[in-house]
Amino acid sequence: MGKSATNKLMSAAEAVERFVPDGAVLGMGGQSIGRCPMALSFEIARQGKTDLTVVGCNLAMSMDVLVGSGLVTRTECGTGNLERYGTAFRWRAAAEAGELAVADYSHLGMASRFLAASLGLPFMPIKSLLGSDILTTKRADGPDPDYVLMGNPFSIESEPVALLPALSPDVSIVHVQKADAAGNFAIEGFSTHEPEMVKASKAVIVSCEEIVDPEYFRENPGETTVPFLFVDAVVHQPFGGYPTSVYRRYEHDREHVVEYQRVARAGGDEYADYLRRAIEEPGDFDGFLAWALTDDKKAVLRDEMERLI
Amino acid sequence: MGKSATNKLMSAAEAVERFVPDGAVLGMGGQSIGRCPMALSFEIARQGKTDLTVVGCNLAMSMDVLVGSGLVTRTECGTGNLERYGTAFRWRAAAEAGELAVADYSHLGMASRFLAASLGLPFMPIKSLLGSDILTTKRADGPDPDYVLMGNPFSIESEPVALLPALSPDVSIVHVQKADAAGNFAIEGFSTHEPEMVKASKAVIVSCEEIVDPEYFRENPGETTVPFLFVDAVVHQPFGGYPTSVYRRYEHDREHVVEYQRVARAGGDEYADYLRRAIEEPGDFDGFLAWALTDDKKAVLRDEMERLI
Amino acid sequence: MTDYRPDELMVVEAARHINDGDVVLVGTGLPMLAGLLAQRTHAPNMCYVVETGPVAPRVLPTPISVSDPRVMHGAVSHGSLLSSLGGVLQRGLADVSFLGGAQIDRYANLNSTVIGDPERPKVRLPGSGGANDLASHSPRILIITRHERRRFPERCDYITSPGYLDGPDARKLSGLSVPYPEISVITDLCVMEIDRATGTLGVARLAPGVAFGEVQEKTGFELIRPADIPSINPPSGDIVELLRREVDPGGIYLKG
Amino acid sequence: MTDYRPDELMVVEAARHINDGDVVLVGTGLPMLAGLLAQRTHAPNMCYVVETGPVAPRVLPTPISVSDPRVMHGAVSHGSLLSSLGGVLQRGLADVSFLGGAQIDRYANLNSTVIGDPERPKVRLPGSGGANDLASHSPRILIITRHERRRFPERCDYITSPGYLDGPDARKLSGLSVPYPEISVITDLCVMEIDRATGTLGVARLAPGVAFGEVQEKTGFELIRPADIPSINPPSGDIVELLRREVDPGGIYLKG
């Protein structure tokens, strides 16, 4: 009942149409300004998939555009944050306006929930969160608790442990460096929460910088982060993480991120105008890239990365 | 409180002397006739470290020689087995004679216990083992239970789940392809239960086929199976997994394994003679290799592996 | 009529139980041969997962261990015990698993741990390995074994790997995620299958020339006996040829 | 006397809290600069672990994100959130963690989640990220922040990351594996440390030229006041030079 090794290459439009239903629990890869699934997120916004629950660890711009597009009712994550570039502002505004339910966890909390589901387990113990309001603001009882506190039954001393329920996204989106048509893929550099989240998900869409030959991973099995068994769709989208960075490929685009944060903070017409120009009008991600990024700029971002690795 | 990136290169004799106390819970890497830590195990037998509890998944010859040397009081594992070559016969004989306590688990049960300890957790849930005598023959209550049964608190339906206690070996021994002097190491091919077991252990001794340059893993961080933080001693021992196979380096030595199984099954003087000639008299593992293996045979085993990868 | 040996019939019949596209958890021995045969005939997209970790290897004949480099050949990832037994099997991605054991009882429970009292073993067997995990999490379970009465006791001395435990709903009550797996036991005399109403084994097919009475006589518990029991189709000459030439060319497992 | 800025004093003082050989969990900003400074001076064997996964990177100045390629440079492994926060931190291998927050209260609890009622936030802050994990599992916790009264309320609106919660034994009672961590809050006015007897903050050192009264005035809760409070040693000219030239050469975080 794993996914077969068939040819899963398709456009972002087809992948989102087929695998992202309205109301989905949407797992999101990437972290802060690194390797966010921008092309796939923009396509979800373009298709107006609604009533989404977005889950992940450090959610940033790829989550923020979905919230800013009015498509998200709930997030479960560690943080909504671009670090030096500020909070995810549409997310913050929606939370402050009471339009968005935000379920807070620590990063390890979220990673543990994905780990549980990736191993077919109903829950995972954790020793973080204890004593904090991340737990006290949640329900510990009833038929569908957010968490459970128990004593460690293997300790003679009294030792509370928290159990967090497994989290299995309906569909996850990730952007990676290399994939083959069957869905084997490789993440280079840090892999955030993605290996566990992807293996926990009912469906997975992977976009990638580079499609490799079907024999590539069979010749380099040590590079495979996740085998094809978990993957439903493969989208070839160079610069698909832009304007965030993709390790070994290109640096993030400071100017674009700063401009996004400016309009996201401003909201209103300025933000609507960004969505129109970045997502609606271009029709697809290559159209967005053509609007946002010159060839010269591409070369600069590649060079900047080259100097840092 | 991780281990530092100092120079940890030393002889097997020194490593065992320093890091394997009598009475230790000894984590053992390898599986069946693949990548077993033979050099380190032989050294433990040579030094006569006693009252050992040997833990792992598919324990085979490297465990069997310790049992056959009278040094083991207990094993916790999935199986004592060389597959086509038969059971681990000294282990079997000791169990049948009532001289050895054998705690049975499934492989996933053992891997889950190591996973728990590797993440600093007191236990791990598991959905294997339920209904089987692997559980019913163990204690589920009292101050120090072997396992605990609980209902899944996140399910409305009644759904039993087993909890297994974390297992943190006092010291683990593994044999791998590549390591550097600081203890960063790479396993090539399947990695059995070793990544979790090593990260769960209070001390770790790694023997390796090849010592790589201190810059190697910094240049190839994707190859690192475990970073130096977990490792105490690095032993350079080519053919240190002999007579088991080491992926990409050499095939197992069928003749030696068959001969070992013959004397292990026979026991008595024949077995004592093997221990004397293989472990005591040679003084160290190079001595054993000189007795067991000609240069021609080494070349044959390397060639056989070359043809299979 | 094709000339074939009992082990060959067992392998051929087991291969028929594998569907194209199945994710198959398998060790070595006859089960591995059945997988290789299925892959070379009707199930080219069958995907091996080996308990040691390898996913979708192009297995070279004839591996004798799950640590054998032959089961890693051409794999798309090498993995670990945790990734295969936790991340694929317990995660619910396996279709079929192969199992074996020294004892198989009425409820298709398997014993590979101990003969006699577990506290004072008469014979200490190798133990579960991954077998309990495979039996716990597989929707379909295949068991290949020679049909000898001592192998089929009324009740296993020790349940290493759960079949239907002691009744039709016992798996569900004990919390196993796959409450009602299909279980087929393929022997040189017959194919037995679990009857879901009782959770016990019955004879589904008989080997050519074998009568139910012979099977029952060599079985330590009473077998469910349907009114009509079809025969196992004997293999074609081509298939036997393929088996001997390509699947186990050295006759490692298919000796005389 | 050396000319230095308040942020530079904070970074220098924080660096002094890192010992050679420490495993340090660190994000970006001033904490990262403190780590880099320590590594270039008295703690060459300090080992960075970044929450995103990298172990022992040779960090290039000046990273602005934990996803920055500069924090992966020369790492011995790249890892994941699970390997760093679970496999190193919760596993108990960290020595020191750096934390920050919009609010720090008497018990050194930190709030980076929400100002006002969590159900109806006045200001929604970014949230925990890995901060709760760092605070839960680190034997030593360092907090660098500007000293402003609004940052030091009597009680955090929301405890994102546990300090001593509400008393000396509260961490132990709630099950945290590190029941009694050392916690130091390094501001431009002083260094505060947790008093283990009460679980509350007191002033341990004062910045040159600063009096206790000024610190208390800018703090929303009553601070423990020892009889004698030594001064923070001002940095040497060499150190300030190193900081400006090598640690943050672009002045990304150490602006005027």
# chains A, B, ... in the order shown; residues from 1 in each chain; ligands from 1

$ interface_residues --of "chain B" --to "chain D" --cutoff "12 Å" --atoms "only C-alpha atoms" --output "number ranges by chain"
B: 1-6, 114-122, 166, 168, 179-180, 182-186, 195-202, 214-230

$ closest_atom_pairs --of "chain B" --to "chain A" --cutoff "8 Å" --atoms "only C-alpha atoms" --output "tab-separated table"
residue	atom	partner	partner_atom	distance
B:Leu121	CA	A:Ile126	CA	6.7
B:Pro122	CA	A:Asn152	CA	6.9
B:Phe123	CA	A:Pro125	CA	7.5
B:Met124	CA	A:Pro125	CA	7.2
B:Pro125	CA	A:Leu121	CA	6.9
B:Ile126	CA	A:Leu121	CA	6.7
B:Lys127	CA	A:Leu121	CA	7.0
B:Pro143	CA	A:Ile156	CA	6.0
B:Asp144	CA	A:Phe154	CA	5.8
B:Pro145	CA	A:Phe154	CA	6.4
B:Val148	CA	A:Pro153	CA	7.4
B:Asn152	CA	A:Pro122	CA	6.9
B:Pro153	CA	A:Val148	CA	7.4
B:Phe154	CA	A:Asp144	CA	5.8
B:Ser155	CA	A:Asp144	CA	7.2
B:Ile156	CA	A:Pro143	CA	6.0
B:Pro165	CA	A:Phe154	CA	6.5
B:Glu188	CA	A:Gly222	CA	7.5
B:Gly189	CA	A:Gly222	CA	7.6
B:Gly222	CA	A:Glu223	CA	7.3
B:Glu223	CA	A:Gly222	CA	7.3

$ residues_around --residues "B:Arg276" --least-positions-apart "6" --cutoff "12 Å" --atoms "only C-alpha atoms" --output "JSON list (two decimals) with N, CA, C and O atoms, in the first residue's frame"
[["chain", "number", "residue", "atom", "x", "y", "z"],
["B", 42, "PHE", "N", 36.03, -9.82, 19.98],
["B", 42, "PHE", "CA", 37.16, -10.71, 20.32],
["B", 42, "PHE", "C", 38.03, -10.08, 21.40],
["B", 42, "PHE", "O", 38.53, -10.77, 22.29],
["B", 45, "ALA", "N", 36.40, -10.51, 24.70],
["B", 45, "ALA", "CA", 36.60, -11.90, 25.15],
["B", 45, "ALA", "C", 38.02, -12.09, 25.66],
["B", 45, "ALA", "O", 38.25, -12.74, 26.70],
["B", 46, "ARG", "N", 38.96, -11.50, 24.93],
["B", 46, "ARG", "CA", 40.38, -11.65, 25.31],
["B", 46, "ARG", "C", 40.64, -11.07, 26.69],
["B", 46, "ARG", "O", 41.36, -11.65, 27.50],
["B", 65, "VAL", "N", 30.52, -15.65, 20.67],
["B", 65, "VAL", "CA", 31.84, -15.91, 21.27],
["B", 65, "VAL", "C", 31.92, -15.40, 22.70],
["B", 65, "VAL", "O", 32.63, -15.98, 23.53],
["B", 68, "GLY", "N", 29.98, -17.98, 24.58],
["B", 68, "GLY", "CA", 30.81, -19.20, 24.60],
["B", 68, "GLY", "C", 32.02, -19.06, 25.50],
["B", 68, "GLY", "O", 32.56, -20.06, 25.99],
["B", 69, "SER", "N", 32.46, -17.82, 25.74],
["B", 69, "SER", "CA", 33.58, -17.59, 26.65],
["B", 69, "SER", "C", 33.13, -17.47, 28.10],
["B", 69, "SER", "O", 33.94, -17.21, 28.99],
["B", 269, "ASP", "N", 35.69, -29.34, 24.03],
["B", 269, "ASP", "CA", 37.09, -29.09, 23.71],
["B", 269, "ASP", "C", 37.25, -28.45, 22.34],
["B", 269, "ASP", "O", 38.13, -27.60, 22.14],
["B", 270, "GLU", "N", 36.41, -28.88, 21.40],
["B", 270, "GLU", "CA", 36.56, -28.31, 20.05],
["B", 270, "GLU", "C", 36.34, -26.81, 20.08],
["B", 270, "GLU", "O", 37.04, -26.04, 19.44],
["B", 282, "PRO", "N", 46.47, -15.48, 19.47],
["B", 282, "PRO", "CA", 46.94, -14.43, 18.57],
["B", 282, "PRO", "C", 47.26, -13.10, 19.26],
["B", 282, "PRO", "O", 48.00, -12.30, 18.70],
["B", 283, "GLY", "N", 46.70, -12.85, 20.45],
["B", 283, "GLY", "CA", 47.06, -11.62, 21.16],
["B", 283, "GLY", "C", 46.31, -10.40, 20.70],
["B", 283, "GLY", "O", 45.97, -9.54, 21.49],
["B", 288, "PHE", "N", 44.80, -12.79, 14.83],
["B", 288, "PHE", "CA", 43.71, -13.69, 14.42],
["B", 288, "PHE", "C", 43.60, -13.73, 12.90],
["B", 288, "PHE", "O", 43.49, -14.81, 12.29],
["B", 291, "TRP", "N", 46.17, -15.78, 11.27],
["B", 291, "TRP", "CA", 45.90, -17.22, 11.45],
["B", 291, "TRP", "C", 44.77, -17.67, 10.51],
["B", 291, "TRP", "O", 44.84, -18.73, 9.90]]

$ residues_around --residues "stretch 183-194 of chain D" --least-positions-apart "6" --cutoff "10 Å" --atoms "only C-alpha atoms" --output "NGL selection string"
:D and (5-11 or 13-14 or 17 or 96-100 or 104 or 106-108 or 135 or 138-148 or 163-164 or 168 or 200-212 or 214-215 or 218 or 223-224 or 229 or 231-232)

$ residues_around --residues "A:Gly267" --least-positions-apart "6" --cutoff "10 Å" --atoms "only C-alpha atoms" --output "JSON, numbers by chain"
{"A": [68, 89, 90, 93, 261, 273, 274]}

$ select_by_dssp --residues "stretch 11-155 of chain D" --states "helix (DSSP H, G or I)" --output "ChimeraX atom specification"
/D:11-16,29-40,69-71,81-90,131-137,149-151

$ select_by_dssp --residues "stretch 160-259 of chain A" --states "strand (DSSP E or B)" --output "ChimeraX atom specification"
/A:160-165,171-179,185-186,204-211,226,233-236,245-246,250

$ write_last_selection --atoms "N, CA, C and O atoms" --output "compact mmCIF listing (two decimals), in the first residue's frame"
# COMPACT_ATOMS: atom_id res chain seq x y z
N PRO A 160 6.41 13.18 35.55
CA PRO A 160 5.42 13.43 34.49
C PRO A 160 6.06 13.42 33.10
O PRO A 160 7.20 13.84 32.91
N VAL A 161 5.29 12.89 32.15
CA VAL A 161 5.67 12.87 30.73
C VAL A 161 4.43 13.32 29.97
O VAL A 161 3.32 12.97 30.33
N ALA A 162 4.64 14.09 28.92
CA ALA A 162 3.50 14.47 28.07
C ALA A 162 3.43 13.54 26.87
O ALA A 162 4.46 13.10 26.35
N LEU A 163 2.23 13.21 26.45
CA LEU A 163 2.02 12.48 25.19
C LEU A 163 1.35 13.44 24.20
O LEU A 163 0.34 14.07 24.53
N LEU A 164 1.90 13.50 23.01
CA LEU A 164 1.28 14.31 21.95
C LEU A 164 0.73 13.38 20.88
O LEU A 164 1.38 12.40 20.51
N PRO A 165 -0.45 13.69 20.35
CA PRO A 165 -1.04 12.80 19.33
C PRO A 165 -0.28 12.87 18.01
O PRO A 165 0.26 13.92 17.64
N VAL A 171 -2.04 16.01 2.98
CA VAL A 171 -1.07 16.16 1.89
C VAL A 171 0.04 17.09 2.37
O VAL A 171 -0.21 18.05 3.09
N SER A 172 1.27 16.75 2.01
CA SER A 172 2.39 17.62 2.34
C SER A 172 3.03 18.16 1.08
O SER A 172 3.03 17.49 0.03
N ILE A 173 3.54 19.38 1.17
CA ILE A 173 4.28 19.98 0.05
C ILE A 173 5.68 20.32 0.52
O ILE A 173 5.88 20.92 1.57
N VAL A 174 6.66 19.90 -0.27
CA VAL A 174 8.06 20.20 0.04
C VAL A 174 8.80 20.56 -1.24
O VAL A 174 8.44 20.09 -2.33
N HIS A 175 9.80 21.41 -1.10
CA HIS A 175 10.67 21.74 -2.23
C HIS A 175 12.08 21.25 -1.92
O HIS A 175 12.62 21.56 -0.85
N VAL A 176 12.66 20.49 -2.83
CA VAL A 176 13.95 19.85 -2.58
C VAL A 176 14.90 20.06 -3.76
O VAL A 176 14.50 20.59 -4.80
N GLN A 177 16.13 19.60 -3.57
CA GLN A 177 17.12 19.79 -4.62
C GLN A 177 16.95 18.80 -5.77
O GLN A 177 16.97 19.18 -6.93
N LYS A 178 16.81 17.51 -5.44
CA LYS A 178 16.81 16.47 -6.48
C LYS A 178 15.67 15.49 -6.27
O LYS A 178 15.43 15.03 -5.16
N ALA A 179 15.02 15.13 -7.36
CA ALA A 179 14.03 14.05 -7.31
C ALA A 179 14.09 13.30 -8.63
O ALA A 179 14.57 13.83 -9.64
N PHE A 185 13.55 11.20 -3.53
CA PHE A 185 14.12 12.55 -3.51
C PHE A 185 15.22 12.73 -2.48
O PHE A 185 15.32 11.94 -1.53
N ALA A 186 16.03 13.75 -2.71
CA ALA A 186 17.15 14.06 -1.82
C ALA A 186 17.05 15.50 -1.36
O ALA A 186 16.91 16.41 -2.19
N VAL A 204 1.81 13.20 -0.85
CA VAL A 204 2.99 14.07 -0.84
C VAL A 204 3.22 14.61 -2.25
O VAL A 204 3.23 13.85 -3.22
N ILE A 205 3.38 15.93 -2.33
CA ILE A 205 3.81 16.58 -3.57
C ILE A 205 5.21 17.14 -3.35
O ILE A 205 5.43 17.90 -2.41
N VAL A 206 6.13 16.75 -4.21
CA VAL A 206 7.51 17.22 -4.12
C VAL A 206 7.79 18.09 -5.34
O VAL A 206 7.57 17.66 -6.48
N SER A 207 8.25 19.31 -5.13
CA SER A 207 8.82 20.06 -6.25
C SER A 207 10.32 20.07 -6.10
O SER A 207 10.84 19.92 -4.99
N CYS A 208 11.03 20.18 -7.20
CA CYS A 208 12.49 20.06 -7.12
C CYS A 208 13.20 20.95 -8.12
O CYS A 208 12.65 21.32 -9.15
N GLU A 209 14.44 21.26 -7.77
CA GLU A 209 15.30 22.04 -8.66
C GLU A 209 15.71 21.22 -9.87
O GLU A 209 15.87 21.76 -10.96
N GLU A 210 15.88 19.92 -9.67
CA GLU A 210 16.51 19.10 -10.70
C GLU A 210 15.86 17.72 -10.72
O GLU A 210 15.70 17.10 -9.67
N ILE A 211 15.48 17.28 -11.92
CA ILE A 211 15.01 15.90 -12.07
C ILE A 211 16.22 15.05 -12.44
O ILE A 211 16.93 15.35 -13.41
N VAL A 226 14.04 10.30 1.07
CA VAL A 226 12.78 9.57 1.16
C VAL A 226 12.61 8.78 -0.13
O VAL A 226 12.75 9.34 -1.22
N ALA A 233 3.34 12.95 -6.31
CA ALA A 233 3.53 13.84 -7.46
C ALA A 233 4.90 14.49 -7.39
O ALA A 233 5.35 14.86 -6.30
N VAL A 234 5.54 14.61 -8.55
CA VAL A 234 6.84 15.26 -8.65
C VAL A 234 6.72 16.40 -9.65
O VAL A 234 6.30 16.20 -10.79
N VAL A 235 7.07 17.60 -9.19
CA VAL A 235 6.96 18.80 -10.03
C VAL A 235 8.36 19.36 -10.25
O VAL A 235 9.06 19.67 -9.28
N HIS A 236 8.76 19.44 -11.52
CA HIS A 236 10.07 20.02 -11.80
C HIS A 236 9.92 21.54 -11.87
O HIS A 236 9.30 22.07 -12.80
N SER A 245 15.98 30.59 0.22
CA SER A 245 17.22 29.99 -0.28
C SER A 245 17.05 28.49 -0.49
O SER A 245 16.22 27.85 0.14
N VAL A 246 17.81 27.94 -1.40
CA VAL A 246 17.91 26.48 -1.55
C VAL A 246 19.38 26.13 -1.50
O VAL A 246 20.16 26.53 -2.37
N TYR A 250 20.90 28.41 -4.59
CA TYR A 250 20.81 29.88 -4.62
C TYR A 250 20.49 30.43 -3.24
O TYR A 250 19.85 29.78 -2.43

$ closest_residue --among "D:Ala227, D:Val66, D:Leu173, D:Val240" --to "A:Ile33" --atoms "only C-alpha atoms"
D:Val66

$ closest_residue --among "C:Glu51, C:Val26, C:Leu243, C:Asp68" --to "B:Arg35" --atoms "only C-alpha atoms"
C:Asp68

$ atom_distance --atom1 "atom CA of D:Arg151" --atom2 "atom CA of D:Thr219"
7.9 Å

$ residues_around --residues "B:Lys298" --least-positions-apart "2" --cutoff "10 Å" --atoms "only C-alpha atoms" --output "PyMOL selection string"
chain B and resi 239+242+250-251+253+289+293-296+300-304

$ residues_around --residues "D:Glu246" --least-positions-apart "6" --cutoff "10 Å" --atoms "only C-alpha atoms" --output "PyMOL selection string"
chain D and resi 33+36-37+40+60-62

$ decode --residues "stretch 107-121 of chain D" --atoms "N, CA, C and O atoms" --output "JSON list (two decimals), in the first residue's frame"
[["chain", "number", "residue", "atom", "x", "y", "z"],
["D", 107, "TYR", "N", 10.69, 34.68, 37.57],
["D", 107, "TYR", "CA", 11.20, 33.30, 37.60],
["D", 107, "TYR", "C", 11.98, 32.94, 36.34],
["D", 107, "TYR", "O", 12.25, 31.78, 36.07],
["D", 108, "ALA", "N", 12.31, 33.98, 35.56],
["D", 108, "ALA", "CA", 13.03, 33.79, 34.30],
["D", 108, "ALA", "C", 12.24, 32.97, 33.29],
["D", 108, "ALA", "O", 12.81, 32.35, 32.39],
["D", 109, "ASN", "N", 10.93, 32.95, 33.44],
["D", 109, "ASN", "CA", 10.10, 32.41, 32.35],
["D", 109, "ASN", "C", 10.13, 33.38, 31.18],
["D", 109, "ASN", "O", 10.27, 34.59, 31.37],
["D", 110, "LEU", "N", 9.98, 32.84, 29.99],
["D", 110, "LEU", "CA", 10.04, 33.67, 28.79],
["D", 110, "LEU", "C", 8.73, 33.58, 28.01],
["D", 110, "LEU", "O", 8.14, 32.50, 27.90],
["D", 111, "ASN", "N", 8.34, 34.69, 27.45],
["D", 111, "ASN", "CA", 7.16, 34.73, 26.59],
["D", 111, "ASN", "C", 7.55, 35.21, 25.21],
["D", 111, "ASN", "O", 8.03, 36.32, 25.03],
["D", 112, "SER", "N", 7.37, 34.36, 24.22],
["D", 112, "SER", "CA", 7.57, 34.79, 22.83],
["D", 112, "SER", "C", 6.33, 34.41, 22.01],
["D", 112, "SER", "O", 6.43, 34.23, 20.80],
["D", 113, "THR", "N", 5.18, 34.28, 22.70],
["D", 113, "THR", "CA", 3.99, 33.79, 22.01],
["D", 113, "THR", "C", 2.91, 34.86, 21.83],
["D", 113, "THR", "O", 2.42, 35.07, 20.72],
["D", 114, "VAL", "N", 2.55, 35.54, 22.92],
["D", 114, "VAL", "CA", 1.39, 36.42, 22.81],
["D", 114, "VAL", "C", 1.39, 37.45, 23.94],
["D", 114, "VAL", "O", 1.71, 37.14, 25.08],
["D", 115, "ILE", "N", 1.08, 38.70, 23.61],
["D", 115, "ILE", "CA", 0.86, 39.73, 24.62],
["D", 115, "ILE", "C", -0.64, 39.89, 24.77],
["D", 115, "ILE", "O", -1.36, 40.00, 23.77],
["D", 116, "GLY", "N", -1.09, 39.86, 26.03],
["D", 116, "GLY", "CA", -2.52, 39.94, 26.30],
["D", 116, "GLY", "C", -3.08, 38.54, 26.51],
["D", 116, "GLY", "O", -2.34, 37.60, 26.77],
["D", 117, "ASP", "N", -4.38, 38.41, 26.36],
["D", 117, "ASP", "CA", -5.06, 37.13, 26.55],
["D", 117, "ASP", "C", -4.75, 36.20, 25.37],
["D", 117, "ASP", "O", -4.99, 36.57, 24.23],
["D", 118, "PRO", "N", -4.22, 35.01, 25.65],
["D", 118, "PRO", "CA", -3.90, 34.08, 24.55],
["D", 118, "PRO", "C", -5.08, 33.81, 23.62],
["D", 118, "PRO", "O", -4.89, 33.59, 22.42],
["D", 119, "GLU", "N", -6.29, 33.83, 24.18],
["D", 119, "GLU", "CA", -7.47, 33.56, 23.34],
["D", 119, "GLU", "C", -7.78, 34.75, 22.42],
["D", 119, "GLU", "O", -8.35, 34.57, 21.35],
["D", 120, "ARG", "N", -7.48, 35.95, 22.89],
["D", 120, "ARG", "CA", -7.74, 37.16, 22.10],
["D", 120, "ARG", "C", -6.49, 38.02, 22.14],
["D", 120, "ARG", "O", -6.43, 39.03, 22.85],
["D", 121, "PRO", "N", -5.49, 37.63, 21.39],
["D", 121, "PRO", "CA", -4.18, 38.28, 21.52],
["D", 121, "PRO", "C", -4.20, 39.76, 21.15],
["D", 121, "PRO", "O", -4.79, 40.14, 20.16]]
